[in-house]
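Visitor: Before I ask anything, here is the structure I am working with.
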Amino acid sequence: MEPRNREGDADRPRSAKVQETGRVIVIGPYLRMRRLEADTQSESRASRDFEARLDEAKGLARAIDLEVADALIAPIGQIRPATYLGKGKVEEILGLITGHGIELAVVDCALSPIQQRNLEKAWNVKVLDRTGLILEIFGRRAKTKEGALQVELAHLNYQRSRLVRSWTHLERQRGGFGFMGGPGETQIEADRRMIGERITRLETELKKVQATRRLHRAGRQRVPYRVVALVGYTNAGKSTLFNRLTRAEVQAADMLFATLDPTLRAIQLPHGGKAMLSDTVGFISSLPTQLVAAFRATLEEVLEADLILHVRDISHEDAEAQERDVDQVLRQLGIDPATGDRILEVWNKIDRFDVEARENLQNIAARRPSEHPCLLVSAETGEGIDDLLRAIEERLARTRTTLNLSIDAADGAGISWLHRNAEVLDKQLHDGRFDMTVRVDPSKRDIVMSRFDAVPYGM
């Protein structure tokens, strides 16, 4: 047995690293529609075209630089408890793996530990299911300490049921806690205890992260900045839109989960006010529950947001199914997508349509109910951004009070206070006094009315 390292080192996994891997096969074992009709949990994926689902799985594999040598759809009538796939299909895929020199099989579904183990034995290659693949991507993308903590927690909760294959504290040369390395099949009970202890420490650290975020939010609430959160399916263009609205340089790439760690920047609204825009991790169908739980500290920015922009890639052939997937994750977070006042749909990438198709989209958007509007934009070209900013300002203003007041032009301190604590919608100088129209949060309404003798707008 290899001796332990320094205290605390042996039971502390390092950041996830994908081991160098050769050729990869991506397998889509999708249930036929007749089997899905009664499965309410699979409703969001029932209408998903098999080819589109397989393309997404290949995109996930390429997101961590895996070389996809082959891919196939394997429709199944029922799930086999031992191998998920039927015996004939397992043998057929074995032939492909042997013939193409495959070293890793990615199966686009959630496998049980037994199913994964049996497939590895049958094919004699490493097998990665959808959950494991997404966790590998997150392990690669996490840059901040907070992101790394959340990814590690999700990894360990996933690994706890798969100790026979995945937990390898005795293999120092691997240096990671991903799922593509070699097996560690000894001291399973000790490993389980070590994982449990590590999970407890991570949860404690994440509670500190949540406390810090609450302090930051409390600080923002002391100034008149509202929070607008971007949510959407991964690769819907959220980061590109974030850059367009904030003039920031957040990484934006045409790949799944290009960005992971949350980012907050100020945006300028048309009438001079400001809001804070938050860009968070993208959602995806069958997002592992371990990630939703682990990333709750980050996703609290969405929970606390005054307005949520649901960014959709309206040019994607699977746009409607992606919308349902995002709605499902929002429900997991306790947010009702039907709440029209808080969620605003943004149909992105309209630059990919010709004139006729774009007019058709505009007609569809115009027929939407007033309580569920949508905005057509192109984050890439900037088309529709001004309309989006006006819609954000109008939606945020619904909970604010508009007041009229008159202030002495010599009262520099008072004028400065108003600019810091309210949105100044109009300001005109008459006879040495500024006649102003301002919009304030309910918490500031009484202060403005008493200090500046303000009256409600229109009176």
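Residue numbers start at 1 in each chain; chains themselves are named A, B, ... in the order of the structure tokens; ligands are numbered from 1 in the order shown.
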Write out as an MDAnalysis selection string the set of residues from range 217-407 of chain A that DSSP, computed on the backbone, places in alpha helix (DSSP H).

Guide: chainID A and resid 217:221 238:246 289:294 296:303 319:332 355:366 385:397

Visitor: Compile the contact shell of Ile27 in chain A as a ChimeraX atom specification: residues with an atom at most 9 Å away, counting only C-alpha atoms, same-chain residues fewer than 2 positions apart removed.

Guide: /A:25,29,54,57,70-74,93,105-109

Visitor: I need the chosen residues saved as a compact mmCIF listing (two decimals), in the first residue's frame, with C-alpha atoms.

Guide:
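Resulting contents of out.txt:
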```txt
# COMPACT_ATOMS: atom_id res chain seq x y z
CA ILE A 25 -17.60 7.15 -29.53
CA PRO A 29 -29.66 5.37 -26.31
CA LEU A 54 -26.91 13.38 -30.42
CA ALA A 57 -23.93 15.12 -26.82
CA ASP A 70 -17.90 7.90 -34.21
CA ALA A 71 -21.46 8.58 -33.05
CA LEU A 72 -24.69 6.65 -33.35
CA ILE A 73 -28.30 6.70 -32.23
CA ALA A 74 -29.45 3.52 -30.46
CA ILE A 93 -21.22 -1.28 -30.37
CA ALA A 105 -17.52 5.57 -24.78
CA VAL A 106 -19.82 8.48 -23.95
CA VAL A 107 -23.41 7.36 -23.35
CA ASP A 108 -25.95 10.19 -23.54
CA CYS A 109 -28.12 9.14 -20.59
```

Visitor: Choose the residue, out of A:Lys58, A:Arg342, A:His100, A:His155, that has the smallest atom-to-atom separation from Leu307 in chain A; count only C-alpha atoms.

Guide: A:Arg342

Visitor: Return as a tab-separated table the residues of range 61-156 of chain A lying at most 7 Å from range 197-204 of chain A, together with the closest atom-to-atom pair for each and the distance in Å to one decimal, counting only C-alpha atoms, with rows in chain order and ascending residue number.

Guide:
```
residue	atom	partner	partner_atom	distance
A:Leu149	CA	A:Leu202	CA	6.6
A:Leu153	CA	A:Ile199	CA	6.1
A:Leu156	CA	A:Ile199	CA	6.9
```

Visitor: Excluding Phe452 in chain A and its own-chain neighbours fewer than 2 positions away, which residues fall within 7 Å of it when counting only C-alpha atoms? Please give them as a VMD selection string.

Guide: chain A and resid 405 407 448 to 450 454

Visitor: Any chance you can output those residues with C-alpha atoms as a PDB file, in the first residue's frame?

Guide:
```pdb
ATOM      1  CA  LEU A 405     -40.057  67.936  -7.034  1.00  0.00           C
ATOM      2  CA  ILE A 407     -35.056  72.017  -5.649  1.00  0.00           C
ATOM      3  CA  VAL A 448     -37.525  61.913  -0.980  1.00  0.00           C
ATOM      4  CA  MET A 449     -41.056  63.122  -0.266  1.00  0.00           C
ATOM      5  CA  SER A 450     -40.175  64.524   3.145  1.00  0.00           C
ATOM      6  CA  ALA A 454     -41.973  65.846  -3.584  1.00  0.00           C
TER       7      ALA A 454
END
```

Visitor: Could you pull the residues within 7 Å of Arg23 in chain A, counting only C-alpha atoms, minus those fewer than 5 positions along the same chain, as a PyMOL selection string?

Guide: chain A and resi 67-69+101-104

Visitor: Tell me which of A:Val292, A:Leu96, A:Val228, A:Leu303 sits closest to Val329 in chain A, counting only C-alpha atoms.

Guide: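 Distance minimum relative to Val329 in chain A lands on A:Val292.
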
Visitor: From the set A:Ala321, A:Ala63, A:Val424, A:Ala122, which residue has the shortest atom-to-atom contact distance to Arg439 in chain A, counting only C-alpha atoms?

Guide: A:Val424

Visitor: For Ile64 in chain A, please output as an MDAnalysis selection string all residues within 9 Å (counting only C-alpha atoms; exclusion window: fewer than 5 positions along the same chain).

Guide: chainID A and resid 18 133 136:137 140

Visitor: Please produce a file of those selected residues containing all heavy atoms, as a compact mmCIF listing (two decimals), in the first residue's frame.

Guide:
```txt
# COMPACT_ATOMS: atom_id res chain seq x y z
N VAL A 18 -9.21 16.16 -17.12
CA VAL A 18 -9.54 15.08 -18.03
C VAL A 18 -8.24 14.45 -18.50
O VAL A 18 -7.37 15.12 -19.03
CB VAL A 18 -10.35 15.62 -19.23
CG1 VAL A 18 -10.57 14.50 -20.23
CG2 VAL A 18 -11.66 16.20 -18.77
N LEU A 133 -20.10 13.33 -17.84
CA LEU A 133 -19.52 14.20 -18.86
C LEU A 133 -19.73 15.67 -18.51
O LEU A 133 -18.80 16.49 -18.62
CB LEU A 133 -20.15 13.89 -20.22
CG LEU A 133 -19.66 14.71 -21.42
CD1 LEU A 133 -18.15 14.54 -21.60
CD2 LEU A 133 -20.40 14.30 -22.69
N GLU A 136 -17.43 16.65 -15.81
CA GLU A 136 -16.07 16.83 -16.32
C GLU A 136 -15.91 18.23 -16.93
O GLU A 136 -14.91 18.90 -16.73
CB GLU A 136 -15.74 15.77 -17.37
CG GLU A 136 -15.54 14.38 -16.81
CD GLU A 136 -14.19 14.20 -16.15
OE1 GLU A 136 -13.36 15.12 -16.21
OE2 GLU A 136 -13.95 13.12 -15.58
N ILE A 137 -16.93 18.65 -17.69
CA ILE A 137 -16.87 19.98 -18.31
C ILE A 137 -16.81 21.06 -17.24
O ILE A 137 -16.00 21.99 -17.32
CB ILE A 137 -18.10 20.20 -19.21
CG1 ILE A 137 -18.09 19.20 -20.38
CG2 ILE A 137 -18.12 21.63 -19.76
CD1 ILE A 137 -19.37 19.21 -21.20
N ARG A 140 -13.50 21.38 -15.73
CA ARG A 140 -12.54 22.09 -16.60
C ARG A 140 -12.79 23.60 -16.60
O ARG A 140 -11.86 24.39 -16.66
CB ARG A 140 -12.66 21.54 -18.02
CG ARG A 140 -11.85 22.27 -19.08
CD ARG A 140 -10.40 21.91 -19.01
NE ARG A 140 -10.17 20.52 -19.35
CZ ARG A 140 -9.96 20.09 -20.59
NH1 ARG A 140 -9.97 20.93 -21.61
NH2 ARG A 140 -9.75 18.81 -20.83
```

Visitor: Fewer than 4 positions away in the same chain doesn't count, so skip those; otherwise give me all residues within 7 Å of range 385-396 of chain A, counting only C-alpha atoms, as a count of residues only.

Guide: 4

Visitor: Pick from A:Glu380, A:Asp318, A:Asp325, A:Asp279: nearest to Glu56 in chain A, with only C-alpha atoms counted?

Guide: A:Asp318
